[in-house]
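Peer 1: The structure file protein13.txt (compact mmCIF, C-alpha atoms) is provided below.
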```txt
# COMPACT_ATOMS: atom_id res chain seq x y z
CA MET D 1186 4.94 -67.50 -12.57
CA THR D 1187 6.85 -64.41 -11.52
CA LYS D 1188 5.23 -61.88 -9.19
CA THR D 1189 5.32 -58.24 -10.18
CA THR D 1190 4.92 -55.03 -8.23
CA GLN D 1191 3.11 -53.56 -11.23
CA SER D 1192 -0.40 -53.90 -9.92
CA CYS D 1193 -3.67 -53.54 -11.79
CA ASP D 1194 -5.72 -50.36 -11.56
CA LEU D 1195 -8.63 -51.90 -9.57
CA ASN D 1196 -10.88 -50.88 -12.44
CA THR D 1197 -10.15 -53.10 -15.45
CA CYS D 1198 -10.73 -56.72 -14.50
CA PHE D 1199 -14.03 -58.59 -14.13
CA LEU D 1200 -13.75 -58.67 -10.33
CA CYS D 1201 -13.04 -54.95 -9.89
CA ARG D 1202 -15.59 -53.78 -12.44
CA ASN D 1203 -18.39 -55.61 -10.68
CA SER D 1204 -17.47 -55.08 -7.02
CA LEU D 1205 -18.68 -52.39 -4.66
CA LYS D 1206 -16.28 -49.49 -4.24
CA ASP D 1207 -16.02 -50.26 -0.55
CA TRP D 1208 -14.85 -53.79 -1.42
CA LEU D 1209 -11.97 -52.68 -3.68
CA PRO D 1210 -9.48 -52.18 -0.79
CA ALA D 1211 -10.09 -55.83 0.15
CA VAL D 1212 -9.40 -56.82 -3.47
CA GLY D 1213 -6.20 -54.80 -3.39
CA ALA D 1214 -5.07 -56.55 -0.22
CA ASN D 1215 -5.83 -60.07 -1.44
CA ARG D 1216 -4.77 -59.97 -5.08
CA GLU D 1217 -1.46 -61.10 -6.51
CA ASN D 1218 -0.14 -59.92 -9.87
CA PHE D 1219 1.98 -62.18 -12.06
CA ILE D 1220 3.92 -61.60 -15.26
CA LEU D 1221 2.78 -63.81 -18.13
CA LYS D 1222 5.35 -65.08 -20.61
CA LYS D 1223 4.38 -66.39 -24.02
CA GLY D 1224 3.88 -70.15 -23.93
CA GLN D 1225 3.58 -70.24 -20.13
CA GLN D 1226 0.76 -72.29 -18.60
CA LEU D 1227 -1.40 -70.77 -15.86
CA PHE D 1228 -2.99 -74.11 -15.05
CA LYS D 1229 -3.58 -77.37 -16.85
CA GLU D 1230 -6.49 -79.77 -17.09
CA GLY D 1231 -6.55 -81.91 -13.95
CA ASP D 1232 -4.66 -79.44 -11.72
CA ASP D 1233 -6.09 -78.79 -8.24
CA VAL D 1234 -8.25 -75.67 -8.13
CA THR D 1235 -6.56 -72.90 -6.15
CA GLY D 1236 -8.13 -69.64 -7.29
CA ILE D 1237 -9.43 -67.37 -10.03
CA TYR D 1238 -7.41 -65.40 -12.58
CA PHE D 1239 -8.32 -62.05 -14.15
CA MET D 1240 -6.61 -60.81 -17.30
CA TYR D 1241 -5.07 -57.35 -16.99
CA LYS D 1242 -2.89 -57.43 -20.11
CA GLY D 1243 -2.12 -60.04 -22.74
CA VAL D 1244 -4.02 -62.97 -24.29
CA VAL D 1245 -4.52 -66.52 -22.97
CA LYS D 1246 -6.03 -69.47 -24.81
CA VAL D 1247 -8.39 -71.79 -22.91
CA HIS D 1248 -8.14 -75.30 -24.33
CA LYS D 1249 -9.10 -78.89 -23.65
CA GLN D 1250 -7.62 -82.21 -24.69
CA TRP D 1251 -9.85 -83.60 -27.46
CA ASP D 1252 -7.97 -86.84 -27.92
CA GLN D 1253 -4.38 -88.01 -27.48
CA GLU D 1254 -3.12 -85.89 -30.38
CA LYS D 1255 -5.55 -82.98 -30.60
CA ASP D 1256 -6.29 -79.89 -28.52
CA LEU D 1257 -9.53 -77.96 -28.87
CA ILE D 1258 -9.30 -74.22 -28.15
CA LEU D 1259 -12.54 -73.18 -26.48
CA ARG D 1260 -11.93 -69.44 -26.29
CA PHE D 1261 -9.35 -66.68 -25.99
CA ALA D 1262 -9.25 -64.47 -22.90
CA LYS D 1263 -7.96 -60.90 -23.13
CA SER D 1264 -7.82 -57.81 -20.92
CA GLY D 1265 -10.79 -57.72 -18.53
CA ASP D 1266 -11.69 -61.41 -18.86
CA ILE D 1267 -11.91 -64.11 -16.19
CA LEU D 1268 -10.07 -67.46 -16.10
CA GLY D 1269 -10.40 -70.49 -13.84
CA HIS D 1270 -14.07 -69.91 -13.07
CA LEU D 1271 -14.94 -73.47 -14.10
CA GLY D 1272 -13.15 -74.48 -10.91
CA LEU D 1273 -16.16 -73.15 -8.99
CA GLY D 1274 -17.98 -76.43 -9.64
CA ASP D 1275 -18.07 -79.45 -7.33
CA SER D 1276 -14.92 -80.89 -8.90
CA SER D 1277 -11.68 -79.95 -7.16
CA THR D 1278 -9.71 -79.87 -10.42
CA TYR D 1279 -9.69 -77.56 -13.44
CA PRO D 1280 -11.54 -79.13 -16.42
CA VAL D 1281 -9.55 -77.06 -18.95
CA SER D 1282 -6.03 -75.68 -19.48
CA ALA D 1283 -4.93 -72.05 -19.91
CA THR D 1284 -1.79 -71.11 -21.86
CA VAL D 1285 -0.38 -67.66 -22.64
CA VAL D 1286 -0.54 -66.60 -26.29
CA GLU D 1287 0.48 -62.96 -25.83
CA ALA D 1288 2.66 -61.85 -22.90
CA GLY D 1289 1.05 -59.68 -20.24
CA ILE D 1290 -0.06 -59.52 -16.61
CA VAL D 1291 -2.69 -61.51 -14.72
CA CYS D 1292 -4.36 -60.77 -11.40
CA TYR D 1293 -4.97 -63.76 -9.12
CA VAL D 1294 -7.09 -64.25 -6.01
CA LYS D 1295 -7.52 -67.41 -3.95
CA MET D 1296 -10.81 -69.24 -4.24
CA ASP D 1297 -11.96 -68.53 -0.66
CA PHE D 1298 -11.58 -64.78 -1.19
CA PHE D 1299 -13.41 -64.92 -4.51
CA GLU D 1300 -16.29 -66.83 -2.89
CA SER D 1301 -16.40 -64.18 -0.15
CA SER D 1302 -16.54 -61.55 -2.88
CA LEU D 1303 -19.53 -63.30 -4.44
CA ASN D 1304 -21.33 -63.30 -1.07
CA VAL D 1305 -20.73 -59.58 -0.55
CA ASN D 1306 -21.23 -58.25 -4.09
CA ASN D 1307 -24.61 -59.02 -5.64
CA GLN D 1308 -23.62 -57.37 -8.92
CA LEU D 1309 -20.57 -59.62 -9.19
CA THR D 1310 -22.67 -62.74 -8.62
CA TYR D 1311 -25.23 -61.61 -11.20
CA LYS D 1312 -22.59 -60.80 -13.82
CA LEU D 1313 -20.87 -64.13 -13.23
CA MET D 1314 -24.19 -65.94 -13.68
CA LYS D 1315 -24.74 -64.14 -17.01
CA PHE D 1316 -21.16 -64.92 -18.04
CA PHE D 1317 -21.73 -68.63 -17.34
CA ALA D 1318 -24.99 -68.55 -19.31
CA ASN D 1319 -23.33 -66.89 -22.31
CA GLU D 1320 -20.40 -69.30 -22.15
CA LEU D 1321 -22.77 -72.27 -22.02
CA GLN D 1322 -24.67 -70.97 -25.05
CA GLU D 1323 -21.41 -70.48 -26.94
CA SER D 1324 -20.23 -73.95 -25.95
CA GLU D 1325 -23.47 -75.52 -27.17
CA LYS D 1326 -23.19 -73.57 -30.42
CA ARG D 1327 -19.63 -74.77 -30.97
CA MET D 1328 -20.61 -78.38 -30.30
CA ARG D 1329 -23.51 -78.05 -32.74
CA ASN D 1330 -21.20 -76.56 -35.36
CA LEU D 1331 -18.69 -79.33 -34.75
CA ALA D 1332 -21.38 -81.94 -35.38
CA HIS D 1333 -23.21 -80.31 -38.30
CA MET D 1334 -21.20 -77.49 -39.91
CA PRO D 1335 -18.89 -78.49 -42.78
CA VAL D 1336 -15.17 -77.90 -42.30
CA LYS D 1337 -14.95 -74.94 -44.68
CA GLU D 1338 -17.78 -73.17 -42.86
CA ARG D 1339 -16.17 -73.78 -39.45
CA ILE D 1340 -12.88 -72.28 -40.60
CA ALA D 1341 -14.59 -69.18 -42.03
CA GLN D 1342 -16.56 -68.82 -38.78
CA ALA D 1343 -13.39 -69.08 -36.67
CA LEU D 1344 -11.61 -66.38 -38.70
CA LEU D 1345 -14.58 -64.03 -38.43
CA SER D 1346 -14.91 -64.71 -34.70
CA LEU D 1347 -11.27 -63.77 -34.09
CA ARG D 1348 -11.71 -60.60 -36.13
CA ASN D 1349 -14.79 -59.66 -34.07
CA GLN D 1350 -13.07 -60.30 -30.73
CA PHE D 1351 -9.72 -58.64 -31.40
CA GLY D 1352 -10.43 -56.08 -34.11
CA LEU D 1353 -7.85 -54.86 -36.60
CA ASN D 1354 -4.42 -53.26 -36.20
CA ALA D 1355 -3.14 -50.27 -38.14
CA ASP D 1356 -2.14 -52.51 -41.06
CA GLY D 1357 -5.56 -54.11 -41.35
CA PHE D 1358 -4.54 -57.46 -39.86
CA VAL D 1359 -6.57 -59.10 -37.07
CA ASP D 1360 -4.96 -57.74 -33.90
CA ILE D 1361 -3.57 -60.98 -32.48
CA GLU D 1362 -0.62 -63.16 -33.46
CA LEU D 1363 -1.58 -66.84 -33.70
CA THR D 1364 0.03 -69.89 -35.23
CA ARG D 1365 -2.00 -71.60 -37.92
CA GLN D 1366 -2.08 -74.63 -35.62
CA ASP D 1367 -3.86 -72.55 -32.96
CA ILE D 1368 -6.38 -71.24 -35.47
CA SER D 1369 -7.09 -74.76 -36.70
CA SER D 1370 -7.57 -75.90 -33.07
CA TYR D 1371 -9.99 -73.00 -32.53
CA ALA D 1372 -11.90 -74.05 -35.66
CA SER D 1373 -11.90 -77.68 -34.43
CA VAL D 1374 -10.20 -78.85 -37.62
CA VAL D 1375 -7.11 -81.02 -38.12
CA TYR D 1376 -4.18 -78.95 -39.34
CA GLU D 1377 -3.83 -80.68 -42.73
CA THR D 1378 -7.45 -79.88 -43.59
CA PHE D 1379 -7.11 -76.34 -42.27
CA PHE D 1380 -4.05 -75.75 -44.47
CA LYS D 1381 -5.84 -77.05 -47.56
CA VAL D 1382 -8.95 -74.92 -47.02
CA THR D 1383 -7.04 -71.73 -46.17
CA GLN D 1384 -4.90 -72.18 -49.29
CA GLU D 1385 -8.16 -72.17 -51.26
CA PHE D 1386 -9.27 -69.03 -49.39
CA ILE D 1387 -5.95 -67.37 -50.23
CA GLN D 1388 -6.23 -68.26 -53.92
CA ASN D 1389 -9.75 -66.80 -53.97
CA ASN D 1390 -8.50 -63.57 -52.34
CA LEU D 1391 -10.61 -64.07 -49.22
CA ILE D 1392 -7.73 -63.98 -46.71
CA ALA D 1393 -3.99 -63.33 -46.55
CA PHE D 1394 -1.33 -64.56 -44.13
CA ASP D 1395 1.91 -62.88 -43.10
CA GLY D 1396 3.68 -65.09 -40.59
CA LYS D 1397 1.45 -65.29 -37.50
CA ASN D 1398 -0.77 -62.48 -38.75
CA PHE D 1399 -3.79 -62.82 -41.00
CA LYS D 1400 -6.06 -60.41 -42.83
CA LEU D 1401 -9.63 -60.86 -44.01
CA LEU D 1402 -9.80 -59.52 -47.56
CA ASN D 1403 -13.48 -60.28 -48.18
CA GLU D 1404 -15.53 -60.55 -44.99
CA ASP D 1405 -18.85 -60.64 -46.84
CA ALA D 1406 -17.77 -63.70 -48.82
CA LEU D 1407 -16.61 -65.43 -45.63
CA ARG D 1408 -19.97 -64.73 -43.99
CA GLU D 1409 -21.69 -66.25 -47.03
CA ILE D 1410 -19.57 -69.36 -46.56
CA THR D 1411 -20.63 -69.68 -42.91
CA LEU D 1412 -24.24 -69.68 -44.10
CA GLY D 1413 -23.52 -72.45 -46.58
CA ARG D 1414 -24.24 -70.22 -49.56
CA LYS D 1415 -20.80 -70.56 -51.17
CA LYS D 1416 -18.64 -73.63 -51.47
```
Would you write the structure of this file as structure tokens?
Peer 2:
Amino acid sequence: MTKTTQSCDLNTCFLCRNSLKDWLPAVGANRENFILKKGQQLFKEGDDVTGIYFMYKGVVKVHKQWDQEKDLILRFAKSGDILGHLGLGDSSTYPVSATVVEAGIVCYVKMDFFESSLNVNNQLTYKLMKFFANELQESEKRMRNLAHMPVKERIAQALLSLRNQFGLNADGFVDIELTRQDISSYASVVYETFFKVTQEFIQNNLIAFDGKNFKLLNEDALREITLGRKK
């Protein structure tokens, strides 16, 4: 990654928002800012843990190898989010990978400084604990959906989830550019099945695609699908 002199504002990221004001100069002295290019990998599954990343601008997908031919996207991180926190466990390697979807800037601190920050800032430790709890709940929900929710319902749920996280742009499209392969990986569905189901959604005027952009034309109907009320 390429370092940049364009530093964050010490107000946006997870670390800065939850640190004492007196601790922010220490953050400023220990952080490094890097430019993110689309397709670039911050770290990959199995890499040695070195530190924690905080999103300042851009979007990164967090993904895990499901089998030899399939990636499962666990979540998308955007401005203000934290990355690499799973490296805080006893394992010395990252259990997931992180790849840039939308170019931007990331703030990085080494693990020893982040652990010092946790010792000094009670609010930071508390917020991180809540973040882990929410992420665990979401992970369990996704695993339950993967085991029990039909494919069509999972795809509808994934589309609605992306709309809720990123909102809409001025043209009414979900405000993130994603390949259909990425969306299918987020829905935990093989691409061929994803293509077939989304073609059905398009024919029923539920969604529309324009390149890497998509629009939800009937959110109520998609919600009904996630509840198993429409097939």
Peer 1: Check the smallest atom-to-atom distance from each of D:Arg1260, D:Phe1351, D:Ser1370, D:Lys1242 to D:Leu1321 using all atoms listed in the file, then report the winner.
Peer 2: D:Arg1260
Peer 1: Could you tell me, as a ChimeraX atom specification, which residues have any atom at most 12 Å from (-12.5, -68.7, -5.8), counting only C-alpha atoms?
Peer 2: /D:1200,1215-1216,1234-1239,1267-1274,1277,1293-1304
Peer 1: One number please: atom CA of D:Leu1331 to atom CA of D:Asp1256, in Å, one decimal.
Peer 2: 13.9 Å
Peer 1: Can you work out which one of D:Val1336, D:Leu1363, D:Cys1193, D:Leu1221 has the shortest atom-to-atom distance to D:Asp1395, counting only C-alpha atoms?
Peer 2: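 Of D:Val1336, D:Leu1363, D:Cys1193, D:Leu1221, the one nearest D:Asp1395, counting only C-alpha atoms, is D:Leu1363.
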Peer 1: In Å, how far is it from atom CA of D:Phe1399 to atom CA of D:Ile1340?
Peer 2: 13.1 Å
Peer 1: Counting only C-alpha atoms, which residues of stretch 1220-1280 of chain D fall within 12 Å of stretch 1352-1361 of chain D, and what is the closest atom pair for each with its distance in Å at one decimal, ordered by chain and rising number, as CSV?
Peer 2:
```
residue,atom,partner,partner_atom,distance
D:Gly1243,CA,D:Ile1361,CA,9.9
D:Val1244,CA,D:Ile1361,CA,8.4
D:Val1245,CA,D:Ile1361,CA,11.0
D:Lys1246,CA,D:Ile1361,CA,11.7
D:Phe1261,CA,D:Ile1361,CA,10.4
D:Ala1262,CA,D:Ile1361,CA,11.7
D:Lys1263,CA,D:Ile1361,CA,10.3
```
Peer 1: Separation of atom CA of D:Gly1213 and atom CA of D:Leu1195, in Å?
Peer 2: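 Computing the Euclidean distance for atom CA of D:Gly1213 and atom CA of D:Leu1195 yields 7.2 Å.
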